[in-house]
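Chemist: Got a file for you: work_8.cif, mmCIF, C-alpha atoms (C1' of nucleotides).
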data_data
#
loop_
_atom_site.label_atom_id
_atom_site.label_comp_id
_atom_site.auth_asym_id
_atom_site.auth_seq_id
_atom_site.Cartn_x
_atom_site.Cartn_y
_atom_site.Cartn_z
CA MET A 1 21.46 -1.20 -15.29
CA ALA A 2 21.16 -4.49 -17.13
CA ARG A 3 24.22 -6.70 -16.98
CA THR A 4 25.64 -9.08 -19.56
CA SER A 5 24.16 -12.51 -19.23
CA GLY A 6 26.09 -14.83 -16.96
CA SER A 7 28.37 -12.14 -15.54
CA HIS A 8 29.55 -12.84 -12.02
CA SER A 9 29.01 -11.18 -8.71
CA GLU A 10 31.18 -8.51 -7.24
CA ILE A 11 28.89 -6.93 -4.69
CA THR A 12 25.49 -8.25 -5.61
CA GLY A 13 24.46 -8.78 -1.98
CA PRO A 14 24.75 -5.15 -0.89
CA ARG A 15 23.22 -3.99 -4.15
CA ILE A 16 20.17 -6.12 -3.50
CA LEU A 17 19.73 -4.56 -0.07
CA GLU A 18 20.17 -1.11 -1.55
CA ALA A 19 17.61 -1.78 -4.27
CA ALA A 20 15.11 -3.29 -1.84
CA LEU A 21 15.48 -0.31 0.50
CA LYS A 22 14.83 2.14 -2.28
CA LEU A 23 11.92 0.26 -3.81
CA PHE A 24 10.22 -0.62 -0.52
CA ALA A 25 10.39 3.04 0.48
CA GLU A 26 9.05 4.18 -2.88
CA SER A 27 6.20 1.76 -3.42
CA GLY A 28 5.75 -0.29 -0.26
CA TYR A 29 6.75 -3.85 0.51
CA ALA A 30 3.62 -5.54 -0.81
CA ALA A 31 3.71 -3.61 -4.07
CA VAL A 32 7.34 -4.47 -4.89
CA SER A 33 7.99 -7.82 -6.55
CA MET A 34 11.17 -9.82 -6.35
CA ARG A 35 11.43 -9.41 -10.11
CA LYS A 36 11.37 -5.64 -9.72
CA ILE A 37 14.18 -5.78 -7.19
CA ALA A 38 16.20 -8.07 -9.45
CA SER A 39 15.64 -5.73 -12.36
CA GLU A 40 16.84 -2.75 -10.32
CA VAL A 41 20.03 -4.64 -9.47
CA GLY A 42 20.46 -5.93 -12.99
CA VAL A 43 20.12 -9.67 -12.35
CA GLN A 44 17.41 -12.25 -12.88
CA VAL A 45 15.03 -13.08 -10.07
CA GLY A 46 16.60 -16.46 -9.27
CA ALA A 47 19.87 -14.81 -8.32
CA LEU A 48 18.25 -13.00 -5.40
CA TYR A 49 17.76 -16.26 -3.56
CA ASN A 50 21.51 -16.71 -3.25
CA TYR A 51 21.41 -13.78 -0.82
CA THR A 52 18.08 -14.04 0.97
CA PRO A 53 15.90 -17.03 1.81
CA ASP A 54 12.75 -15.09 1.02
CA LYS A 55 11.20 -11.66 0.62
CA GLN A 56 10.21 -11.37 4.28
CA SER A 57 13.82 -11.80 5.39
CA LEU A 58 14.81 -9.00 3.06
CA LEU A 59 12.36 -6.64 4.75
CA PHE A 60 13.17 -7.77 8.25
CA GLY A 61 16.92 -7.51 7.67
CA LEU A 62 16.58 -3.94 6.46
CA MET A 63 14.43 -2.91 9.41
CA ARG A 64 16.51 -4.64 12.05
CA ASP A 65 19.72 -3.26 10.64
CA HIS A 66 18.30 0.24 10.67
CA MET A 67 17.00 0.06 14.22
CA GLU A 68 20.15 -1.54 15.59
CA LYS A 69 22.32 1.07 13.96
CA LEU A 70 20.09 3.84 15.28
CA VAL A 71 20.38 2.63 18.86
CA ALA A 72 24.14 2.05 18.49
CA ALA A 73 24.66 5.47 16.94
CA TRP A 74 22.93 7.20 19.85
CA ASP A 75 24.85 5.15 22.39
CA GLN A 76 28.10 6.32 20.83
CA GLU A 77 27.17 9.98 20.99
CA THR A 78 28.72 12.10 23.68
CA ARG A 79 26.65 12.51 26.85
CA PRO A 80 26.41 16.10 28.04
CA ASP A 81 26.28 16.84 31.76
CA THR A 82 22.77 18.16 32.27
CA PRO A 83 19.37 16.76 31.25
CA MET A 84 18.70 19.96 29.32
CA ALA A 85 21.90 19.58 27.31
CA ARG A 86 21.20 15.90 26.79
CA LEU A 87 17.71 16.67 25.53
CA GLU A 88 19.04 19.21 23.09
CA HIS A 89 21.60 16.71 21.88
CA PHE A 90 18.90 14.09 21.43
CA ALA A 91 16.59 16.40 19.49
CA ARG A 92 19.31 17.48 17.08
CA PHE A 93 20.69 13.97 16.73
CA HIS A 94 17.27 12.49 16.04
CA VAL A 95 16.39 14.98 13.33
CA GLY A 96 19.81 14.75 11.71
CA TYR A 97 20.13 10.99 11.79
CA HIS A 98 16.61 10.41 10.51
CA HIS A 99 17.16 12.88 7.71
CA VAL A 100 20.16 11.07 6.25
CA ARG A 101 18.44 7.68 6.56
CA ARG A 102 15.14 8.80 5.13
CA ASP A 103 14.29 5.58 3.25
CA ALA A 104 15.12 3.26 6.13
CA VAL A 105 13.17 5.42 8.58
CA PHE A 106 10.19 5.41 6.27
CA ILE A 107 10.24 1.64 5.93
CA ALA A 108 10.66 1.15 9.67
CA TYR A 109 7.43 3.11 10.19
CA MET A 110 5.33 1.98 7.27
CA GLU A 111 6.06 -1.69 6.94
CA LEU A 112 5.51 -2.92 10.48
CA ARG A 113 2.27 -4.54 9.31
CA ASN A 114 4.13 -6.68 6.81
CA LEU A 115 6.40 -8.32 9.36
CA THR A 116 5.68 -11.76 10.74
CA PRO A 117 4.70 -11.63 14.43
CA GLU A 118 8.13 -12.84 15.52
CA ASN A 119 9.95 -10.27 13.43
CA PHE A 120 7.54 -7.56 14.53
CA ALA A 121 8.36 -8.27 18.16
CA VAL A 122 12.06 -7.79 17.49
CA ILE A 123 11.58 -4.45 15.75
CA GLU A 124 9.18 -3.24 18.40
CA GLY A 125 11.74 -4.11 21.05
CA LEU A 126 14.37 -2.02 19.33
CA ARG A 127 11.96 0.86 18.90
CA SER A 128 11.10 0.69 22.57
CA THR A 129 14.78 0.65 23.49
CA TYR A 130 15.42 3.79 21.50
CA GLU A 131 12.38 5.55 22.90
CA GLY A 132 13.59 4.64 26.38
CA LYS A 133 16.71 6.74 25.80
CA LEU A 134 14.59 9.86 25.53
CA GLU A 135 12.32 8.78 28.35
CA ASP A 136 15.33 8.46 30.66
CA ILE A 137 16.46 11.97 29.84
CA LEU A 138 13.02 13.37 30.55
CA GLU A 139 12.75 11.51 33.84
CA GLU A 140 16.13 12.73 35.03
CA GLY A 141 15.20 16.29 34.13
CA ALA A 142 11.84 15.96 35.85
CA ARG A 143 13.55 14.71 39.03
CA ASN A 144 16.08 17.50 39.23
CA GLY A 145 13.55 20.18 38.32
CA SER A 146 14.84 21.01 34.83
CA PHE A 147 11.64 19.81 33.19
CA SER A 148 7.96 19.88 33.96
CA VAL A 149 6.79 16.55 32.59
CA PRO A 150 3.81 14.82 34.19
CA ASP A 151 4.37 11.59 32.25
CA ALA A 152 7.79 10.91 30.79
CA LYS A 153 6.61 7.98 28.69
CA ILE A 154 3.87 9.94 26.96
CA ALA A 155 6.09 12.99 26.57
CA SER A 156 8.81 10.91 24.92
CA MET A 157 6.33 9.45 22.43
CA ALA A 158 4.93 12.89 21.71
CA LEU A 159 8.35 14.43 21.13
CA ILE A 160 9.61 11.56 18.97
CA ALA A 161 6.48 11.80 16.81
CA MET A 162 7.05 15.52 16.40
CA LEU A 163 10.75 15.20 15.62
CA THR A 164 10.33 12.29 13.22
CA GLY A 165 7.69 14.29 11.39
CA VAL A 166 10.43 16.45 9.89
CA ASN A 167 11.04 13.65 7.41
CA THR A 168 7.57 14.01 5.92
CA TRP A 169 8.21 17.48 4.59
CA PHE A 170 11.86 18.54 4.79
CA ARG A 171 13.85 18.59 1.54
CA GLU A 172 17.43 19.72 1.03
CA THR A 173 16.25 22.02 -1.73
CA GLY A 174 13.63 23.70 0.42
CA ARG A 175 13.32 27.09 2.02
CA LEU A 176 15.45 26.38 5.10
CA PRO A 177 18.67 24.45 5.71
CA LEU A 178 18.44 21.50 8.08
CA GLU A 179 20.34 23.39 10.77
CA GLU A 180 17.62 26.01 11.03
CA VAL A 181 14.96 23.32 11.11
CA GLN A 182 16.84 21.66 13.94
CA ASP A 183 16.91 25.00 15.76
CA ILE A 184 13.16 25.40 15.43
CA TYR A 185 12.36 21.85 16.52
CA TRP A 186 14.76 22.04 19.42
CA GLU A 187 13.14 25.26 20.56
CA MET A 188 9.69 23.69 20.46
CA THR A 189 10.98 20.58 22.22
CA ARG A 190 12.62 22.60 24.96
CA LYS A 191 9.58 24.76 25.60
CA ALA A 192 7.20 21.80 25.55
CA VAL A 193 8.93 20.16 28.53
CA THR A 194 10.09 23.23 30.48
CA ALA A 195 8.13 24.68 33.35
CA MET B 196 -20.17 -13.84 7.85
CA ALA B 197 -21.03 -15.88 4.76
CA ARG B 198 -24.45 -15.28 3.30
CA THR B 199 -26.84 -17.69 1.65
CA SER B 200 -26.17 -18.00 -2.04
CA GLY B 201 -28.18 -15.63 -4.19
CA SER B 202 -29.45 -13.52 -1.33
CA HIS B 203 -30.12 -9.91 -2.23
CA SER B 204 -28.63 -6.64 -1.19
CA GLU B 205 -29.86 -4.55 1.66
CA ILE B 206 -26.85 -2.39 2.43
CA THR B 207 -24.04 -4.10 0.59
CA GLY B 208 -22.49 -0.82 -0.58
CA PRO B 209 -21.79 0.59 2.88
CA ARG B 210 -20.67 -2.80 4.10
CA ILE B 211 -18.10 -2.99 1.33
CA LEU B 212 -16.69 0.38 2.36
CA GLU B 213 -16.64 -0.71 5.98
CA ALA B 214 -14.84 -3.95 5.14
CA ALA B 215 -12.33 -2.21 2.88
CA LEU B 216 -11.62 0.38 5.57
CA LYS B 217 -10.96 -2.29 8.17
CA LEU B 218 -8.86 -4.52 5.93
CA PHE B 219 -6.81 -1.72 4.34
CA ALA B 220 -6.00 -0.44 7.82
CA GLU B 221 -5.07 -3.90 9.07
CA SER B 222 -2.97 -5.19 6.20
CA GLY B 223 -2.41 -2.36 3.76
CA TYR B 224 -4.01 -1.68 0.39
CA ALA B 225 -1.60 -3.71 -1.71
CA ALA B 226 -1.89 -6.74 0.56
CA VAL B 227 -5.69 -6.87 0.53
CA SER B 228 -7.36 -8.62 -2.40
CA MET B 229 -10.80 -7.91 -3.74
CA ARG B 230 -11.67 -11.49 -2.87
CA LYS B 231 -10.71 -10.85 0.73
CA ILE B 232 -12.97 -7.79 0.89
CA ALA B 233 -15.82 -9.76 -0.66
CA SER B 234 -15.32 -12.53 1.84
CA GLU B 235 -15.44 -10.06 4.75
CA VAL B 236 -18.74 -8.72 3.45
CA GLY B 237 -20.11 -12.15 2.70
CA VAL B 238 -20.47 -11.89 -1.07
CA GLN B 239 -18.54 -13.16 -4.06
CA VAL B 240 -15.92 -10.99 -5.69
CA GLY B 241 -18.00 -10.15 -8.74
CA ALA B 242 -20.63 -8.42 -6.61
CA LEU B 243 -18.11 -5.77 -5.53
CA TYR B 244 -18.02 -4.33 -9.00
CA ASN B 245 -21.65 -3.28 -8.72
CA TYR B 246 -20.45 -0.71 -6.20
CA THR B 247 -16.99 0.33 -7.31
CA PRO B 248 -15.42 0.47 -10.78
CA ASP B 249 -12.10 -0.80 -9.43
CA LYS B 250 -9.95 -1.25 -6.35
CA GLN B 251 -8.26 2.14 -6.68
CA SER B 252 -11.61 3.93 -6.50
CA LEU B 253 -12.38 2.07 -3.32
CA LEU B 254 -9.22 3.39 -1.69
CA PHE B 255 -9.58 6.90 -3.04
CA GLY B 256 -13.22 7.11 -1.97
CA LEU B 257 -12.35 6.15 1.58
CA MET B 258 -9.52 8.66 1.81
CA ARG B 259 -11.40 11.54 0.22
CA ASP B 260 -14.45 10.92 2.36
CA HIS B 261 -12.33 10.92 5.50
CA MET B 262 -10.44 14.09 4.66
CA GLU B 263 -13.55 15.98 3.54
CA LYS B 264 -15.39 15.03 6.70
CA LEU B 265 -12.40 16.06 8.81
CA VAL B 266 -12.27 19.52 7.28
CA ALA B 267 -16.06 19.89 7.48
CA ALA B 268 -16.12 18.76 11.09
CA TRP B 269 -13.55 21.35 12.10
CA ASP B 270 -15.35 24.09 10.20
CA GLN B 271 -18.50 23.32 12.14
CA GLU B 272 -16.82 23.55 15.52
CA THR B 273 -17.32 26.66 17.59
CA ARG B 274 -14.68 29.34 17.21
CA PRO B 275 -13.44 30.73 20.53
CA ASP B 276 -12.46 34.38 20.79
CA THR B 277 -8.71 34.23 21.32
CA PRO B 278 -5.96 32.43 19.42
CA MET B 279 -5.01 30.67 22.65
CA ALA B 280 -8.52 29.33 23.13
CA ARG B 281 -8.74 28.41 19.46
CA LEU B 282 -5.47 26.50 19.69
CA GLU B 283 -6.67 24.59 22.71
CA HIS B 284 -9.87 23.75 20.89
CA PHE B 285 -7.93 22.56 17.86
CA ALA B 286 -5.59 20.36 19.90
CA ARG B 287 -8.41 18.65 21.76
CA PHE B 288 -10.56 18.34 18.62
CA HIS B 289 -7.71 16.85 16.62
CA VAL B 290 -6.85 14.20 19.20
CA GLY B 291 -10.49 13.32 19.82
CA TYR B 292 -11.58 13.19 16.18
CA HIS B 293 -8.56 11.17 15.10
CA HIS B 294 -9.09 8.73 17.93
CA VAL B 295 -12.61 7.77 16.92
CA ARG B 296 -11.63 7.48 13.24
CA ARG B 297 -8.49 5.48 13.86
CA ASP B 298 -8.71 3.25 10.77
CA ALA B 299 -9.47 6.05 8.34
CA VAL B 300 -6.68 8.19 9.79
CA PHE B 301 -4.23 5.35 9.45
CA ILE B 302 -5.17 4.74 5.83
CA ALA B 303 -4.98 8.43 5.00
CA TYR B 304 -1.38 8.44 6.23
CA MET B 305 -0.15 5.07 5.04
CA GLU B 306 -1.71 4.63 1.64
CA LEU B 307 -0.77 7.86 -0.08
CA ARG B 308 1.76 5.94 -2.15
CA ASN B 309 -0.94 3.73 -3.58
CA LEU B 310 -3.00 6.56 -5.03
CA THR B 311 -2.80 7.49 -8.69
CA PRO B 312 -1.15 10.90 -9.18
CA GLU B 313 -4.49 12.57 -9.82
CA ASN B 314 -6.08 11.10 -6.70
CA PHE B 315 -2.96 11.88 -4.66
CA ALA B 316 -3.22 15.54 -5.61
CA VAL B 317 -6.81 15.69 -4.34
CA ILE B 318 -5.94 14.14 -0.98
CA GLU B 319 -2.88 16.32 -0.58
CA GLY B 320 -5.01 19.36 -1.22
CA LEU B 321 -7.43 18.40 1.53
CA ARG B 322 -4.57 17.68 3.91
CA SER B 323 -3.08 21.05 3.16
CA THR B 324 -6.44 22.72 3.73
CA TYR B 325 -6.76 21.15 7.15
CA GLU B 326 -3.20 22.00 8.11
CA GLY B 327 -3.89 25.57 7.07
CA LYS B 328 -6.54 25.82 9.78
CA LEU B 329 -3.90 25.34 12.44
CA GLU B 330 -1.43 27.53 10.62
CA ASP B 331 -3.93 30.39 10.62
CA ILE B 332 -4.44 30.09 14.36
CA LEU B 333 -0.70 30.17 14.97
CA GLU B 334 -0.23 33.19 12.74
CA GLU B 335 -2.97 35.14 14.44
CA GLY B 336 -1.51 34.33 17.83
CA ALA B 337 1.96 35.29 16.67
CA ARG B 338 0.67 38.64 15.40
CA ASN B 339 -1.15 39.57 18.58
CA GLY B 340 1.67 38.36 20.82
CA SER B 341 -0.04 35.29 22.27
CA PHE B 342 2.47 32.94 20.68
CA SER B 343 6.16 32.91 19.96
CA VAL B 344 6.32 31.09 16.66
CA PRO B 345 9.13 31.91 14.22
CA ASP B 346 7.56 29.88 11.41
CA ALA B 347 3.84 29.12 11.55
CA LYS B 348 3.97 26.62 8.71
CA ILE B 349 6.68 24.50 10.31
CA ALA B 350 5.11 24.82 13.74
CA SER B 351 1.76 23.62 12.43
CA MET B 352 3.35 20.57 10.81
CA ALA B 353 5.28 19.83 13.98
CA LEU B 354 2.21 20.08 16.20
CA ILE B 355 0.00 18.03 13.91
CA ALA B 356 2.63 15.30 13.79
CA MET B 357 2.80 15.29 17.57
CA LEU B 358 -0.98 15.27 18.05
CA THR B 359 -1.63 12.64 15.42
CA GLY B 360 0.97 10.45 17.07
CA VAL B 361 -1.48 9.72 19.87
CA ASN B 362 -3.12 7.23 17.54
CA THR B 363 0.00 5.07 17.40
CA TRP B 364 -0.12 4.16 21.07
CA PHE B 365 -3.36 5.20 22.77
CA ARG B 366 -5.87 2.46 23.57
CA GLU B 367 -9.17 2.78 25.42
CA THR B 368 -8.06 0.02 27.75
CA GLY B 369 -4.78 1.69 28.64
CA ARG B 370 -3.48 3.43 31.70
CA LEU B 371 -5.10 6.83 31.07
CA PRO B 372 -8.48 7.95 29.72
CA LEU B 373 -8.44 10.00 26.54
CA GLU B 374 -9.37 13.16 28.43
CA GLU B 375 -6.14 13.03 30.43
CA VAL B 376 -4.15 12.36 27.29
CA GLN B 377 -5.77 15.39 25.71
CA ASP B 378 -4.81 17.42 28.78
CA ILE B 379 -1.17 16.35 28.47
CA TYR B 380 -0.96 16.99 24.75
CA TRP B 381 -2.66 20.34 25.05
CA GLU B 382 -0.22 21.35 27.75
CA MET B 383 2.76 20.41 25.56
CA THR B 384 1.19 22.16 22.58
CA ARG B 385 0.55 25.33 24.56
CA LYS B 386 4.04 25.48 26.00
CA ALA B 387 5.70 24.71 22.66
CA VAL B 388 4.26 27.85 21.07
CA THR B 389 4.17 30.22 24.03
CA ALA B 390 6.90 32.72 24.72
"C1'" DG C 391 26.82 -17.30 -8.79
"C1'" DT C 392 23.64 -16.57 -12.39
"C1'" DC C 393 20.85 -18.18 -15.75
"C1'" DT C 394 16.28 -20.12 -17.89
"C1'" DA C 395 12.18 -22.46 -17.17
"C1'" DT C 396 8.54 -23.67 -14.54
"C1'" DA C 397 5.43 -24.94 -10.68
"C1'" DA C 398 1.50 -23.61 -8.03
"C1'" DA C 399 -1.08 -20.05 -6.31
"C1'" DT C 400 -3.29 -15.67 -6.58
"C1'" DC C 401 -4.31 -11.30 -8.57
"C1'" DG C 402 -7.93 -7.63 -10.76
"C1'" DA C 403 -11.49 -7.53 -13.64
"C1'" DT C 404 -15.16 -9.27 -16.85
"C1'" DA C 405 -19.02 -12.18 -19.08
"C1'" DG C 406 -23.12 -14.19 -18.85
"C1'" DA C 407 -26.65 -17.07 -16.25
"C1'" DC C 408 -30.27 -16.38 -13.06
"C1'" DG D 409 -27.80 -7.57 -7.59
"C1'" DT D 410 -25.35 -11.70 -7.03
"C1'" DC D 411 -23.67 -15.74 -8.67
"C1'" DT D 412 -20.18 -18.96 -11.16
"C1'" DA D 413 -16.61 -19.39 -14.27
"C1'" DT D 414 -12.86 -17.71 -16.48
"C1'" DC D 415 -9.20 -14.78 -18.84
"C1'" DG D 416 -4.71 -13.17 -18.79
"C1'" DA D 417 -1.27 -11.45 -16.08
"C1'" DT D 418 1.59 -11.73 -12.17
"C1'" DT D 419 3.27 -13.56 -7.84
"C1'" DT D 420 6.99 -16.20 -4.74
"C1'" DA D 421 9.94 -19.65 -4.84
"C1'" DT D 422 12.43 -23.69 -6.73
"C1'" DA D 423 15.04 -26.95 -10.02
"C1'" DG D 424 18.58 -27.79 -12.81
"C1'" DA D 425 21.83 -26.29 -16.66
"C1'" DC D 426 26.07 -23.89 -17.15
#
Since I need it in another form, could you write the structure as structure tokens?

Modeler:
Amino acid sequence: MARTSGSHSEITGPRILEAALKLFAESGYAAVSMRKIASEVGVQVGALYNYTPDKQSLLFGLMRDHMEKLVAAWDQETRPDTPMARLEHFARFHVGYHHVRRDAVFIAYMELRNLTPENFAVIEGLRSTYEGKLEDILEEGARNGSFSVPDAKIASMALIAMLTGVNTWFRETGRLPLEEVQDIYWEMTRKAVTA
Amino acid sequence: MARTSGSHSEITGPRILEAALKLFAESGYAAVSMRKIASEVGVQVGALYNYTPDKQSLLFGLMRDHMEKLVAAWDQETRPDTPMARLEHFARFHVGYHHVRRDAVFIAYMELRNLTPENFAVIEGLRSTYEGKLEDILEEGARNGSFSVPDAKIASMALIAMLTGVNTWFRETGRLPLEEVQDIYWEMTRKAVTA
DNA sequence: GTCTATAAATCGATAGAC
DNA sequence: GTCTATCGATTTATAGAC
């Protein structure tokens, strides 16, 4: 991991982001020092400040990037014809996407307290945007009779909490493959909002 | 908040726990200094060490106390006759209990990373014990045909994640009273596990 | 672009007076 | 039981050499 003194950058910037993502997820923002990040990358602490103005920007950049990519990824998914099919697509997409971005998801949930108020507002806006995607599906389905949902906003928060919860326990090496977990969670999702 | 110099203790111990609970929930364990806790109580930092051997014990004590009281509180609840009635009782109890202990619940979820391995194992054991209460209900209901649950362990984790999620958005001053929120979440819970 | 060295502040924890 | 004072370590961030 350590590099020869004075060696020059190839891709130090991305490696800093990668190291910060891993370490923030492991130990938490406040518990990870800039020196620890530098050590993980294999540079001295001063070098980090060629790529970020400060530690806060490092955290905010990771969270914003994650949330923006999440929203963009969903927007680029295909859009099935019926609310029921769209809900199924959302449930499977959410579980799958959050699984492969485990560290970023974890940080986006756990480190909200460590954002400045301005940065917090940005992340909250992106979170709300994403949640609105599910809310819209539920409202459409409620209107056309596919779903029985007294409050689409609350139902969307409830379902997202349930689906995101997969990340707290699922491991590739566990008892079930992700596809079966997605089946189970989709089934619970479907039943929870159907008449 | 500040106290006259040299004044003596009446209930400093509990006030330290109260301050630590509030501050850990607000800012996170790693971001809260012992000096900050002392300041919240109105004593100097040295006085804290008459009540806790170190900062880690303060965190662990709060988390263990919360989890033990949660398990004990559920065990003392009445036990309805049918799995369906027991599930409803659990859903409403979980939402209600977690609402009034918001700070402790938040800490118990967010600060697991900051526990020593030994302390982590204790808290995880208590969490598993509590989760098992729901799992047992689901298994009984699956056996007698009340529920359609392919995997009681996964279903219990999914439902607990959903129910606990209320804490992330519900406020007393919001659009709905807690009782209506409990109605909505119970309805989703019931449907999610019914055939 | 990375290094070393350092500034200035803060951390957890302890010692000893009262 | 609480205070003041302090130790030693660590923090973020910067300055300047190379």

Chemist: Here is a test: counting all atoms listed in the file, which residue of B:Asn314, B:Gln239, B:Ser323, B:Thr207 is nearest to DC411 (chain D)?

Modeler: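 Closest to DC411 (chain D) of all the choices is B:Gln239.
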
Chemist: Could the residues of chain D within 10 Å of chain B, counting all atoms listed in the file, be given as a list in words, please?

Modeler: DG409, DT410, DC411 and DT412 of chain D

Chemist: Can I get the selected residues back with C-alpha atoms (C1' of nucleotides), as a PDB file, in the coordinates of the input?

Modeler:
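File written: selection-v7.pdb
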ATOM      1  C1'  DG D 409     -27.800  -7.570  -7.590  1.00  0.00           C
ATOM      2  C1'  DT D 410     -25.350 -11.700  -7.030  1.00  0.00           C
ATOM      3  C1'  DC D 411     -23.670 -15.740  -8.670  1.00  0.00           C
ATOM      4  C1'  DT D 412     -20.180 -18.960 -11.160  1.00  0.00           C
TER       5       DT D 412
END

Chemist: Show me which bits of chain C are within 8 Å of chain A, counting all atoms listed in the file, as a list of chain:residue names.

Modeler: C:DG391, C:DT392, C:DC393

Chemist: For chain A, which residue out of B:Ala220, B:Ala214, B:Val236, B:Ala303 is the nearest one, using only C-alpha atoms?

Modeler: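 Residue with the minimum atom-to-atom distance to chain A: B:Ala220.
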
Chemist: Quick one: which residues end up in the PyMOL selection byres ((chain A and resi 30) around 10) for this structure, as a ChimeraX atom specification?

Modeler: /A:24,27-29,31-33,55,111,114 /B:222-227

Chemist: Translate the PyMOL selection byres ((chain B) within 9 of (chain A)), as applied to the file shown, into an explicit residue set as a compact mmCIF listing (two decimals) with C-alpha atoms, keeping the file's coordinate frame.

Modeler:
# COMPACT_ATOMS: atom_id res chain seq x y z
CA GLU B 221 -5.07 -3.90 9.07
CA SER B 222 -2.97 -5.19 6.20
CA GLY B 223 -2.41 -2.36 3.76
CA TYR B 224 -4.01 -1.68 0.39
CA ALA B 225 -1.60 -3.71 -1.71
CA ALA B 226 -1.89 -6.74 0.56
CA MET B 305 -0.15 5.07 5.04
CA ARG B 308 1.76 5.94 -2.15
CA ASN B 309 -0.94 3.73 -3.58
CA VAL B 344 6.32 31.09 16.66
CA PRO B 345 9.13 31.91 14.22
CA ASP B 346 7.56 29.88 11.41
CA ILE B 349 6.68 24.50 10.31
CA ALA B 350 5.11 24.82 13.74
CA MET B 352 3.35 20.57 10.81
CA ALA B 353 5.28 19.83 13.98
CA LEU B 354 2.21 20.08 16.20
CA ILE B 355 0.00 18.03 13.91
CA ALA B 356 2.63 15.30 13.79
CA MET B 357 2.80 15.29 17.57
CA LEU B 358 -0.98 15.27 18.05
CA THR B 359 -1.63 12.64 15.42
CA GLY B 360 0.97 10.45 17.07
CA VAL B 361 -1.48 9.72 19.87
CA TRP B 364 -0.12 4.16 21.07
CA VAL B 376 -4.15 12.36 27.29
CA ILE B 379 -1.17 16.35 28.47
CA TYR B 380 -0.96 16.99 24.75
CA GLU B 382 -0.22 21.35 27.75
CA MET B 383 2.76 20.41 25.56
CA THR B 384 1.19 22.16 22.58
CA ARG B 385 0.55 25.33 24.56
CA LYS B 386 4.04 25.48 26.00
CA ALA B 387 5.70 24.71 22.66
CA VAL B 388 4.26 27.85 21.07
CA THR B 389 4.17 30.22 24.03
CA ALA B 390 6.90 32.72 24.72

Chemist: Between CA of Phe255 (chain B) and C1' of DT418 (chain D), what is the distance, to one decimal in Å?

Modeler: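 Separation of CA of Phe255 (chain B) and C1' of DT418 (chain D): 23.6 Å.
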
Chemist: Need to verify the contact set: His293 (chain B), 9 Å, all atoms listed in the file, exclusion of same-chain residues closer than 5 positions in sequence. Can you return it as a list in words?

Modeler: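 After dropping sequence-adjacent residues, the list is Leu265, Phe288, Ala299, Val300, Thr359, Val361 and Asn362 of chain B.
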
Chemist: As a PDB file with C-alpha atoms, keeping the file's coordinate frame, please: the residues near region 87-90 of chain A (cut-off 10 Å, all atoms listed in the file, same-chain neighbours under 2 positions excluded).

Modeler:
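So the final result, stored in out32.pdb, reads:
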ATOM      1  CA  TRP A  74      22.930   7.200  19.850  1.00  0.00           C
ATOM      2  CA  GLU A  77      27.170   9.980  20.990  1.00  0.00           C
ATOM      3  CA  THR A  78      28.720  12.100  23.680  1.00  0.00           C
ATOM      4  CA  ARG A  79      26.650  12.510  26.850  1.00  0.00           C
ATOM      5  CA  PRO A  80      26.410  16.100  28.040  1.00  0.00           C
ATOM      6  CA  THR A  82      22.770  18.160  32.270  1.00  0.00           C
ATOM      7  CA  PRO A  83      19.370  16.760  31.250  1.00  0.00           C
ATOM      8  CA  MET A  84      18.700  19.960  29.320  1.00  0.00           C
ATOM      9  CA  ALA A  85      21.900  19.580  27.310  1.00  0.00           C
ATOM     10  CA  ARG A  92      19.310  17.480  17.080  1.00  0.00           C
ATOM     11  CA  PHE A  93      20.690  13.970  16.730  1.00  0.00           C
ATOM     12  CA  HIS A  94      17.270  12.490  16.040  1.00  0.00           C
ATOM     13  CA  VAL A  95      16.390  14.980  13.330  1.00  0.00           C
ATOM     14  CA  GLY A  96      19.810  14.750  11.710  1.00  0.00           C
ATOM     15  CA  LYS A 133      16.710   6.740  25.800  1.00  0.00           C
ATOM     16  CA  LEU A 134      14.590   9.860  25.530  1.00  0.00           C
ATOM     17  CA  GLU A 135      12.320   8.780  28.350  1.00  0.00           C
ATOM     18  CA  ASP A 136      15.330   8.460  30.660  1.00  0.00           C
ATOM     19  CA  ILE A 137      16.460  11.970  29.840  1.00  0.00           C
ATOM     20  CA  LEU A 138      13.020  13.370  30.550  1.00  0.00           C
ATOM     21  CA  GLY A 141      15.200  16.290  34.130  1.00  0.00           C
ATOM     22  CA  ILE A 160       9.610  11.560  18.970  1.00  0.00           C
ATOM     23  CA  GLN A 182      16.840  21.660  13.940  1.00  0.00           C
ATOM     24  CA  ASP A 183      16.910  25.000  15.760  1.00  0.00           C
ATOM     25  CA  TYR A 185      12.360  21.850  16.520  1.00  0.00           C
ATOM     26  CA  TRP A 186      14.760  22.040  19.420  1.00  0.00           C
ATOM     27  CA  GLU A 187      13.140  25.260  20.560  1.00  0.00           C
ATOM     28  CA  THR A 189      10.980  20.580  22.220  1.00  0.00           C
ATOM     29  CA  ARG A 190      12.620  22.600  24.960  1.00  0.00           C
ATOM     30  CA  VAL A 193       8.930  20.160  28.530  1.00  0.00           C
TER      31      VAL A 193
END

Chemist: Please write as a count of residues only the full residue list that the PyMOL selection byres ((chain C and resi 406) around 12) yields on this file.

Modeler: 8

Chemist: How big is the axis-aligned box, and where does its centre sit, when it encloses all atoms of region 397-407 of chain C listed in the file and has 8 Å added on every side, reported in Å to one decimal as AutoDock Vina command-line options?

Modeler:
--center_x -10.6 --center_y -16.2 --center_z -12.7 --size_x 48.1 --size_y 33.4 --size_z 28.8
